[in-house]
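Containing compact mmCIF, C-alpha atoms: work-v6.txt.
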# COMPACT_ATOMS: atom_id res chain seq x y z
CA MET A 1 -22.16 11.12 4.42
CA LYS A 2 -21.90 7.31 4.63
CA ARG A 3 -19.52 5.00 2.79
CA ILE A 4 -21.48 2.11 1.29
CA LEU A 5 -20.10 -1.25 0.18
CA LEU A 6 -22.09 -3.04 -2.51
CA THR A 7 -21.91 -6.75 -3.32
CA ILE A 8 -22.78 -7.18 -6.98
CA GLU A 9 -23.66 -10.11 -9.22
CA TYR A 10 -23.65 -9.69 -12.98
CA ASP A 11 -23.66 -11.44 -16.30
CA GLY A 12 -20.93 -9.74 -18.33
CA ARG A 13 -21.93 -11.04 -21.76
CA ASP A 14 -23.46 -7.80 -23.05
CA TYR A 15 -21.07 -5.38 -21.33
CA CYS A 16 -17.68 -3.92 -22.23
CA GLY A 17 -16.29 -4.86 -18.83
CA TRP A 18 -16.55 -3.22 -15.44
CA GLN A 19 -14.93 0.16 -16.00
CA LYS A 20 -17.12 2.91 -17.40
CA GLN A 21 -16.27 4.16 -20.88
CA PRO A 22 -17.96 6.64 -23.20
CA LYS A 23 -20.60 5.35 -25.63
CA VAL A 24 -20.54 1.71 -24.47
CA LYS A 25 -22.37 -0.27 -21.79
CA THR A 26 -20.34 -1.13 -18.69
CA ILE A 27 -21.23 -2.48 -15.27
CA GLN A 28 -19.89 0.55 -13.40
CA GLY A 29 -21.71 2.91 -15.73
CA GLU A 30 -25.05 1.13 -15.31
CA ILE A 31 -24.84 1.16 -11.51
CA GLU A 32 -23.83 4.82 -11.36
CA ARG A 33 -26.79 5.66 -13.59
CA ALA A 34 -29.05 3.60 -11.31
CA ILE A 35 -27.85 5.53 -8.26
CA LEU A 36 -28.57 8.82 -9.99
CA SER A 37 -32.00 7.84 -11.28
CA SER A 38 -33.21 6.13 -8.10
CA ILE A 39 -31.94 8.41 -5.32
CA GLY A 40 -30.94 11.53 -7.23
CA GLN A 41 -27.25 11.43 -6.37
CA THR A 42 -24.25 11.59 -8.68
CA ALA A 43 -21.84 8.99 -7.31
CA GLU A 44 -18.39 7.69 -8.20
CA LEU A 45 -18.27 3.92 -7.80
CA TYR A 46 -14.93 2.31 -6.84
CA GLY A 47 -14.68 -1.38 -7.65
CA SER A 48 -12.45 -4.03 -6.13
CA GLY A 49 -10.93 -4.38 -9.59
CA ARG A 50 -11.83 -4.43 -13.26
CA THR A 51 -13.39 -7.33 -15.07
CA ASP A 52 -12.99 -7.53 -18.84
CA SER A 53 -15.64 -7.60 -21.52
CA GLY A 54 -17.70 -10.78 -21.22
CA VAL A 55 -16.47 -11.68 -17.72
CA HIS A 56 -19.06 -12.36 -15.02
CA ALA A 57 -19.16 -11.79 -11.26
CA LEU A 58 -20.75 -13.69 -8.41
CA ASN A 59 -19.60 -11.27 -5.71
CA GLN A 60 -17.96 -8.16 -7.11
CA LYS A 61 -17.41 -5.46 -4.48
CA ALA A 62 -17.61 -1.70 -4.93
CA HIS A 63 -18.03 1.33 -2.69
CA PHE A 64 -19.40 4.83 -3.02
CA ASP A 65 -20.16 7.69 -0.66
CA LEU A 66 -23.88 8.15 -0.02
CA THR A 67 -24.93 11.75 0.64
CA LYS A 68 -28.70 11.26 0.50
CA GLN A 69 -30.92 10.17 3.38
CA VAL A 70 -31.68 6.63 2.23
CA PRO A 71 -32.24 3.60 4.51
CA ILE A 72 -29.26 1.31 3.93
CA SER A 73 -31.47 -1.75 4.44
CA LYS A 74 -33.58 -0.67 1.44
CA LEU A 75 -30.76 0.48 -0.84
CA ALA A 76 -30.22 -2.85 -2.67
CA ASP A 77 -33.93 -3.10 -3.51
CA ILE A 78 -34.04 0.53 -4.60
CA LEU A 79 -31.16 0.03 -7.04
CA ASN A 80 -32.38 -3.36 -8.29
CA ASN A 81 -35.70 -1.79 -9.24
CA VAL A 82 -33.97 0.32 -11.90
CA LEU A 83 -30.99 -1.84 -12.86
CA PRO A 84 -31.16 -4.20 -15.86
CA ASP A 85 -31.95 -7.81 -15.00
CA ASP A 86 -28.38 -9.00 -15.63
CA ILE A 87 -26.97 -6.80 -12.83
CA VAL A 88 -28.08 -7.45 -9.25
CA ILE A 89 -27.09 -5.72 -6.01
CA LYS A 90 -26.94 -8.63 -3.55
CA ASN A 91 -26.15 -6.52 -0.50
CA ALA A 92 -25.49 -2.94 0.61
CA GLU A 93 -23.81 -2.14 3.92
CA GLU A 94 -22.15 0.79 5.63
CA VAL A 95 -18.38 0.55 6.13
CA ASP A 96 -15.74 2.73 7.76
CA SER A 97 -14.87 5.99 6.01
CA ASP A 98 -11.29 4.83 5.38
CA PHE A 99 -12.39 1.60 3.67
CA HIS A 100 -11.56 1.27 -0.02
CA ALA A 101 -13.03 -1.47 -2.20
CA ARG A 102 -9.79 -1.85 -4.14
CA PHE A 103 -6.98 -0.98 -1.75
CA SER A 104 -8.40 -2.80 1.28
CA VAL A 105 -8.51 -6.17 -0.52
CA HIS A 106 -6.60 -9.06 1.07
CA LYS A 107 -7.58 -11.85 -1.30
CA LYS A 108 -9.52 -12.39 -4.52
CA CYS A 109 -10.96 -15.64 -5.78
CA TYR A 110 -11.89 -16.32 -9.40
CA ARG A 111 -13.78 -19.28 -10.81
CA TYR A 112 -13.40 -20.61 -14.34
CA LYS A 113 -15.91 -23.03 -15.85
CA ILE A 114 -15.10 -25.29 -18.79
CA TYR A 115 -17.69 -27.31 -20.64
CA ASN A 116 -15.73 -30.44 -21.57
CA SER A 117 -17.60 -32.63 -24.06
CA PRO A 118 -17.35 -33.73 -27.71
CA LEU A 119 -20.53 -31.76 -28.43
CA LYS A 120 -21.00 -28.08 -27.60
CA ASN A 121 -23.78 -26.92 -25.28
CA ALA A 122 -25.83 -24.03 -26.67
CA PHE A 123 -26.95 -22.89 -23.21
CA LEU A 124 -23.37 -22.62 -21.93
CA ALA A 125 -21.95 -20.77 -24.94
CA TYR A 126 -21.63 -17.55 -22.91
CA ARG A 127 -21.36 -19.14 -19.45
CA ALA A 128 -18.33 -21.42 -19.82
CA GLY A 129 -15.23 -21.97 -21.88
CA TYR A 130 -15.33 -24.97 -24.20
CA VAL A 131 -12.81 -27.80 -24.63
CA LYS A 132 -13.74 -30.68 -26.92
CA ARG A 133 -11.04 -33.21 -25.97
CA GLU A 134 -11.33 -34.91 -22.59
CA LEU A 135 -9.36 -33.14 -19.88
CA ASP A 136 -7.21 -35.05 -17.41
CA ILE A 137 -8.06 -33.57 -14.01
CA ASP A 138 -5.09 -35.22 -12.30
CA LYS A 139 -2.69 -33.62 -14.78
CA MET A 140 -4.34 -30.24 -14.30
CA ILE A 141 -3.91 -30.54 -10.54
CA GLU A 142 -0.28 -31.58 -11.03
CA ALA A 143 0.45 -28.47 -13.10
CA SER A 144 -1.46 -26.20 -10.72
CA ARG A 145 0.92 -27.06 -7.87
CA LEU A 146 3.76 -25.33 -9.73
CA LEU A 147 1.84 -22.05 -9.67
CA ILE A 148 0.89 -21.93 -6.00
CA GLY A 149 3.01 -19.52 -3.95
CA GLU A 150 4.68 -16.20 -4.69
CA HIS A 151 6.09 -15.94 -8.21
CA ASP A 152 6.87 -13.49 -10.96
CA PHE A 153 3.91 -14.09 -13.30
CA LYS A 154 5.19 -12.06 -16.26
CA GLY A 155 4.82 -15.17 -18.42
CA PHE A 156 1.18 -15.53 -17.41
CA CYS A 157 -0.31 -12.19 -18.41
CA SER A 158 -1.19 -10.25 -21.53
CA ALA A 159 1.65 -8.47 -23.34
CA ASN A 160 -0.03 -5.09 -22.82
CA THR A 161 -0.25 -5.43 -19.03
CA SER A 162 0.51 -1.98 -17.62
CA THR A 163 2.69 -2.67 -14.60
CA ASP A 164 6.36 -2.98 -13.65
CA ASN A 165 5.66 -5.43 -10.84
CA PHE A 166 4.62 -8.91 -11.95
CA VAL A 167 5.00 -10.60 -8.55
CA ARG A 168 1.76 -12.07 -7.19
CA LYS A 169 0.94 -14.73 -4.62
CA ILE A 170 -1.41 -17.60 -5.40
CA TYR A 171 -2.85 -19.12 -2.24
CA ASP A 172 -4.74 -22.00 -3.76
CA ILE A 173 -5.90 -23.55 -7.03
CA THR A 174 -8.59 -26.24 -7.03
CA VAL A 175 -9.72 -28.29 -10.03
CA MET A 176 -12.99 -30.22 -9.88
CA ARG A 177 -15.14 -32.15 -12.37
CA ASP A 178 -18.92 -32.46 -12.24
CA ASP A 179 -19.99 -34.56 -15.23
CA ASP A 180 -19.09 -32.47 -18.29
CA LEU A 181 -18.28 -29.33 -16.31
CA VAL A 182 -14.73 -28.67 -15.08
CA VAL A 183 -14.46 -25.93 -12.46
CA ILE A 184 -11.17 -24.24 -11.54
CA ASP A 185 -10.96 -21.87 -8.57
CA VAL A 186 -7.90 -19.61 -8.29
CA CYS A 187 -7.33 -17.50 -5.16
CA GLY A 188 -4.54 -14.95 -4.75
CA ASN A 189 -3.56 -11.58 -3.40
CA GLY A 190 -4.01 -9.97 -6.80
CA PHE A 191 -3.99 -10.74 -10.52
CA LEU A 192 -2.43 -9.34 -13.68
CA TYR A 193 -4.30 -8.66 -16.90
CA ASN A 194 -5.67 -11.99 -18.25
CA MET A 195 -3.66 -13.88 -15.63
CA VAL A 196 -6.45 -16.23 -14.49
CA ARG A 197 -7.50 -17.03 -18.06
CA ILE A 198 -3.86 -17.85 -18.95
CA ILE A 199 -3.38 -19.95 -15.80
CA VAL A 200 -6.44 -21.99 -16.74
CA GLY A 201 -5.21 -22.21 -20.34
CA THR A 202 -1.88 -23.51 -19.04
CA LEU A 203 -3.61 -26.27 -17.06
CA VAL A 204 -5.69 -27.15 -20.12
CA ASP A 205 -2.72 -27.21 -22.49
CA TYR A 206 -0.66 -29.36 -20.12
CA SER A 207 -3.56 -31.77 -19.75
CA LEU A 208 -3.82 -32.05 -23.55
CA GLY A 209 -0.07 -32.56 -24.03
CA ARG A 210 0.62 -29.19 -25.62
CA LEU A 211 2.90 -28.11 -22.76
CA THR A 212 5.32 -29.88 -20.45
CA LEU A 213 6.04 -29.20 -16.81
CA SER A 214 9.41 -27.87 -17.95
CA ASP A 215 7.63 -25.34 -20.15
CA ILE A 216 5.57 -24.09 -17.22
CA LYS A 217 8.65 -23.84 -15.02
CA GLU A 218 10.42 -21.82 -17.73
CA ALA A 219 7.44 -19.46 -18.03
CA LEU A 220 7.70 -18.87 -14.28
CA LYS A 221 11.47 -18.54 -14.21
CA ASN A 222 12.08 -16.46 -17.33
CA GLY A 223 8.71 -14.80 -17.93
CA ASN A 224 8.48 -16.49 -21.32
CA ARG A 225 4.85 -16.11 -22.45
CA ALA A 226 5.40 -18.63 -25.25
CA LYS A 227 5.90 -21.34 -22.62
CA SER A 228 2.57 -20.81 -20.85
CA GLY A 229 -0.88 -21.71 -22.10
CA GLN A 230 -3.60 -20.21 -24.22
CA THR A 231 -5.78 -17.32 -23.05
CA MET A 232 -9.16 -18.91 -22.37
CA SER A 233 -12.45 -17.31 -23.40
CA PRO A 234 -13.71 -14.53 -21.08
CA TYR A 235 -17.16 -16.13 -20.91
CA GLY A 236 -16.01 -18.88 -18.55
CA LEU A 237 -14.53 -16.49 -15.99
CA TYR A 238 -16.35 -15.37 -12.83
CA LEU A 239 -15.14 -13.12 -10.05
CA LYS A 240 -16.15 -15.46 -7.25
CA ASP A 241 -15.31 -13.49 -4.11
CA VAL A 242 -13.33 -10.61 -2.64
CA ILE A 243 -11.97 -10.93 0.89
CA TYR A 244 -11.20 -7.93 3.12
As structure tokens - that is how I would like this structure written.
Amino acid sequence: MKRILLTIEYDGRDYCGWQKQPKVKTIQGEIERAILSSIGQTAELYGSGRTDSGVHALNQKAHFDLTKQVPISKLADILNNVLPDDIVIKNAEEVDSDFHARFSVHKKCYRYKIYNSPLKNAFLAYRAGYVKRELDIDKMIEASRLLIGEHDFKGFCSANTSTDNFVRKIYDITVMRDDDLVVIDVCGNGFLYNMVRIIVGTLVDYSLGRLTLSDIKEALKNGNRAKSGQTMSPYGLYLKDVIY
């Protein structure tokens, strides 16, 4: 038996998130079906974390235990031959037997794309969030500095987040503009439910004058969700990388 780590790229538009569920299409479910149909093995796939419905991935990571005699160098091609076109195995490699795609993670990086223009872009409708009013990148960077470091992020997650520990560490937030596209990268040791989308919404709302720096500080200090920003659309969010 060999433990295999997959690097996966996917467009999440037509899927109900990563985690398999009965009667709906999910990324995990599609890959597990591909493993069964291509190499004849029932496998349990363990992802680095869940992505929600509509969220994309550039480099999702997941492992499973391979029991069949399959060349590892050919495994990505074998799976890609039966997977739908919007899910791609970028790499397959053998890892140590004690490796775990979720519990061995040291850092995750997410990317959020915003199309920022008075007129919508039809081709980016499911690839980026949309903000009509011009965003002030300098203000977004100013607000982002408050969030870097270790904080209690209770005020920056969905109300139905299932955890008692809201402390996370943000290593870096970068905000860049390329013409009408604003790109925000957020890297941390872990994220709460909807946390990245709310962080980006906070930067957007501060830029547009809907929040003050005092509001953001209060959301951090008191966990007051009303003082942080909107939850941005899932379509602009990409799991950029997972670091072990």
Cut-off 12 Å: closest region 79-180 of chain A/region 212-231 of chain A atom pairs per residue, using all atoms listed in the file, as a tab-separated table:
residue	atom	partner	partner_atom	distance
A:Gly129	CA	A:Thr231	CA	10.6
A:Val131	CA	A:Gln230	CA	11.9
A:Lys139	CA	A:Leu213	CA	10.0
A:Met140	CA	A:Leu213	CA	10.7
A:Ile141	CA	A:Leu213	CA	11.8
A:Glu142	CA	A:Leu213	CA	8.9
A:Ala143	CA	A:Leu213	CA	6.7
A:Ser144	CA	A:Ile216	CA	9.8
A:Arg145	CA	A:Leu213	CA	10.5
A:Leu146	CA	A:Lys217	CA	7.4
A:Leu147	CA	A:Leu220	CA	8.1
A:Ile148	CA	A:Leu220	CA	11.1
A:Gly149	CA	A:Leu220	CA	11.4
A:Glu150	CA	A:Leu220	CA	10.4
A:His151	CA	A:Leu220	CA	6.9
A:Asp152	CA	A:Leu220	CA	6.4
A:Phe153	CA	A:Leu220	CA	6.2
A:Lys154	CA	A:Gly223	CA	4.8
A:Gly155	CA	A:Gly223	CA	3.9
A:Phe156	CA	A:Arg225	CA	6.3
A:Cys157	CA	A:Arg225	CA	7.6
A:Ser158	CA	A:Arg225	CA	8.5
A:Ala159	CA	A:Arg225	CA	8.3
A:Phe166	CA	A:Gly223	CA	9.3
A:Val167	CA	A:Leu220	CA	10.4
A:Arg168	CA	A:Leu220	CA	11.5
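Nearest residue to Asn80 (chain A) among A:Leu6, A:Val24, A:Ile114, A:Ala128 is A:Leu6, counting all atoms listed in the file.
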Query raised in the report: Which of these residues is nearest to Leu79 (chain A), using only C-alpha atoms: A:Arg33, A:Asp205, A:Leu45, A:Thr51?
Result: A:Arg33
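Between CA of Ser207 (chain A) and CA of Tyr110 (chain A) the separation is 20.4 Å.
The two atoms in question, CA of Gly47 (chain A) and CA of Val105 (chain A), are spaced 10.6 Å apart.
With CA of Val182 (chain A) on one side and CA of Ile89 (chain A) on the other, the separation reads 27.6 Å.
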Given only C-alpha atoms, how would the per-residue table for region 110-137 of chain A near region 56-62 of chain A read, listing every residue at most 12 Å away with its closest atom pair and distance in Å to one decimal, sorted by chain and number, as a tab-separated table?
residue	atom	partner	partner_atom	distance
A:Tyr110	CA	A:Ala57	CA	8.8
A:Arg111	CA	A:Ala57	CA	9.2
A:Tyr112	CA	A:His56	CA	10.0
A:Lys113	CA	A:His56	CA	11.2
A:Tyr126	CA	A:His56	CA	9.8
A:Arg127	CA	A:His56	CA	8.4
A:Ala128	CA	A:His56	CA	10.3
Could you name the residues that touch region 64-77 of chain A at 7 Å or less, counting only C-alpha atoms, but leaving out those on the same chain fewer than 3 positions away, as an mmCIF file with C-alpha atoms, in the frame of the given file?
data_model
loop_
_atom_site.group_PDB
_atom_site.id
_atom_site.type_symbol
_atom_site.label_atom_id
_atom_site.label_comp_id
_atom_site.auth_asym_id
_atom_site.auth_seq_id
_atom_site.Cartn_x
_atom_site.Cartn_y
_atom_site.Cartn_z
ATOM 1 C CA MET A 1 -22.160 11.120 4.420
ATOM 2 C CA LYS A 2 -21.900 7.310 4.630
ATOM 3 C CA ARG A 3 -19.520 5.000 2.790
ATOM 4 C CA ILE A 4 -21.480 2.110 1.290
ATOM 5 C CA LEU A 5 -20.100 -1.250 0.180
ATOM 6 C CA ALA A 43 -21.840 8.990 -7.310
ATOM 7 C CA GLU A 44 -18.390 7.690 -8.200
ATOM 8 C CA LEU A 45 -18.270 3.920 -7.800
ATOM 9 C CA TYR A 46 -14.930 2.310 -6.840
ATOM 10 C CA ASN A 80 -32.380 -3.360 -8.290
ATOM 11 C CA ASN A 81 -35.700 -1.790 -9.240
ATOM 12 C CA ILE A 89 -27.090 -5.720 -6.010
ATOM 13 C CA LYS A 90 -26.940 -8.630 -3.550
ATOM 14 C CA ASN A 91 -26.150 -6.520 -0.500
ATOM 15 C CA ALA A 92 -25.490 -2.940 0.610
ATOM 16 C CA GLU A 93 -23.810 -2.140 3.920
#
Could you name the residues that touch Thr26 (chain A) at 7 Å or less, counting all atoms listed in the file, but leaving out those on the same chain fewer than 6 positions away, as a PDB file with C-alpha atoms, in the coordinates of the input?
ATOM      1  CA  TYR A  15     -21.070  -5.380 -21.330  1.00  0.00           C
ATOM      2  CA  CYS A  16     -17.680  -3.920 -22.230  1.00  0.00           C
ATOM      3  CA  GLY A  17     -16.290  -4.860 -18.830  1.00  0.00           C
ATOM      4  CA  TRP A  18     -16.550  -3.220 -15.440  1.00  0.00           C
ATOM      5  CA  GLN A  19     -14.930   0.160 -16.000  1.00  0.00           C
ATOM      6  CA  LYS A  20     -17.120   2.910 -17.400  1.00  0.00           C
TER       7      LYS A  20
END
What are the centre and edge lengths in Å, to one decimal, of the axis-aligned box around all listed atoms of region 213-229 of chain A with 8 Å added on each side, as lines of an AutoDock Vina configuration file?
center_x = 5.6
center_y = -22.0
center_z = -19.7
size_x = 29.0
size_y = 30.4
size_z = 27.0
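Shortest separation to Leu135 (chain A) among A:Ile39, A:Leu208, A:Val95, A:Ile173 occurs at residue A:Leu208, atoms counted being all atoms listed in the file.
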Query - Nearby residues, (-25.4, -4.0, -11.2) file frame, 7 Å, all atoms listed in the file, as an MDAnalysis selection string - result: chainID A and resid 8:10 27 30:31 83 87:89
Go ahead and write the selection's residues with C-alpha atoms as a compact mmCIF listing (two decimals), keeping the file's coordinate frame.
# COMPACT_ATOMS: atom_id res chain seq x y z
CA ILE A 8 -22.78 -7.18 -6.98
CA GLU A 9 -23.66 -10.11 -9.22
CA TYR A 10 -23.65 -9.69 -12.98
CA ILE A 27 -21.23 -2.48 -15.27
CA GLU A 30 -25.05 1.13 -15.31
CA ILE A 31 -24.84 1.16 -11.51
CA LEU A 83 -30.99 -1.84 -12.86
CA ILE A 87 -26.97 -6.80 -12.83
CA VAL A 88 -28.08 -7.45 -9.25
CA ILE A 89 -27.09 -5.72 -6.01
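For the residues A:Leu237, A:Leu181, A:Cys109, A:Val242, ranking by smallest atom-to-atom distance to Val200 (chain A) using only C-alpha atoms places A:Leu237 first.
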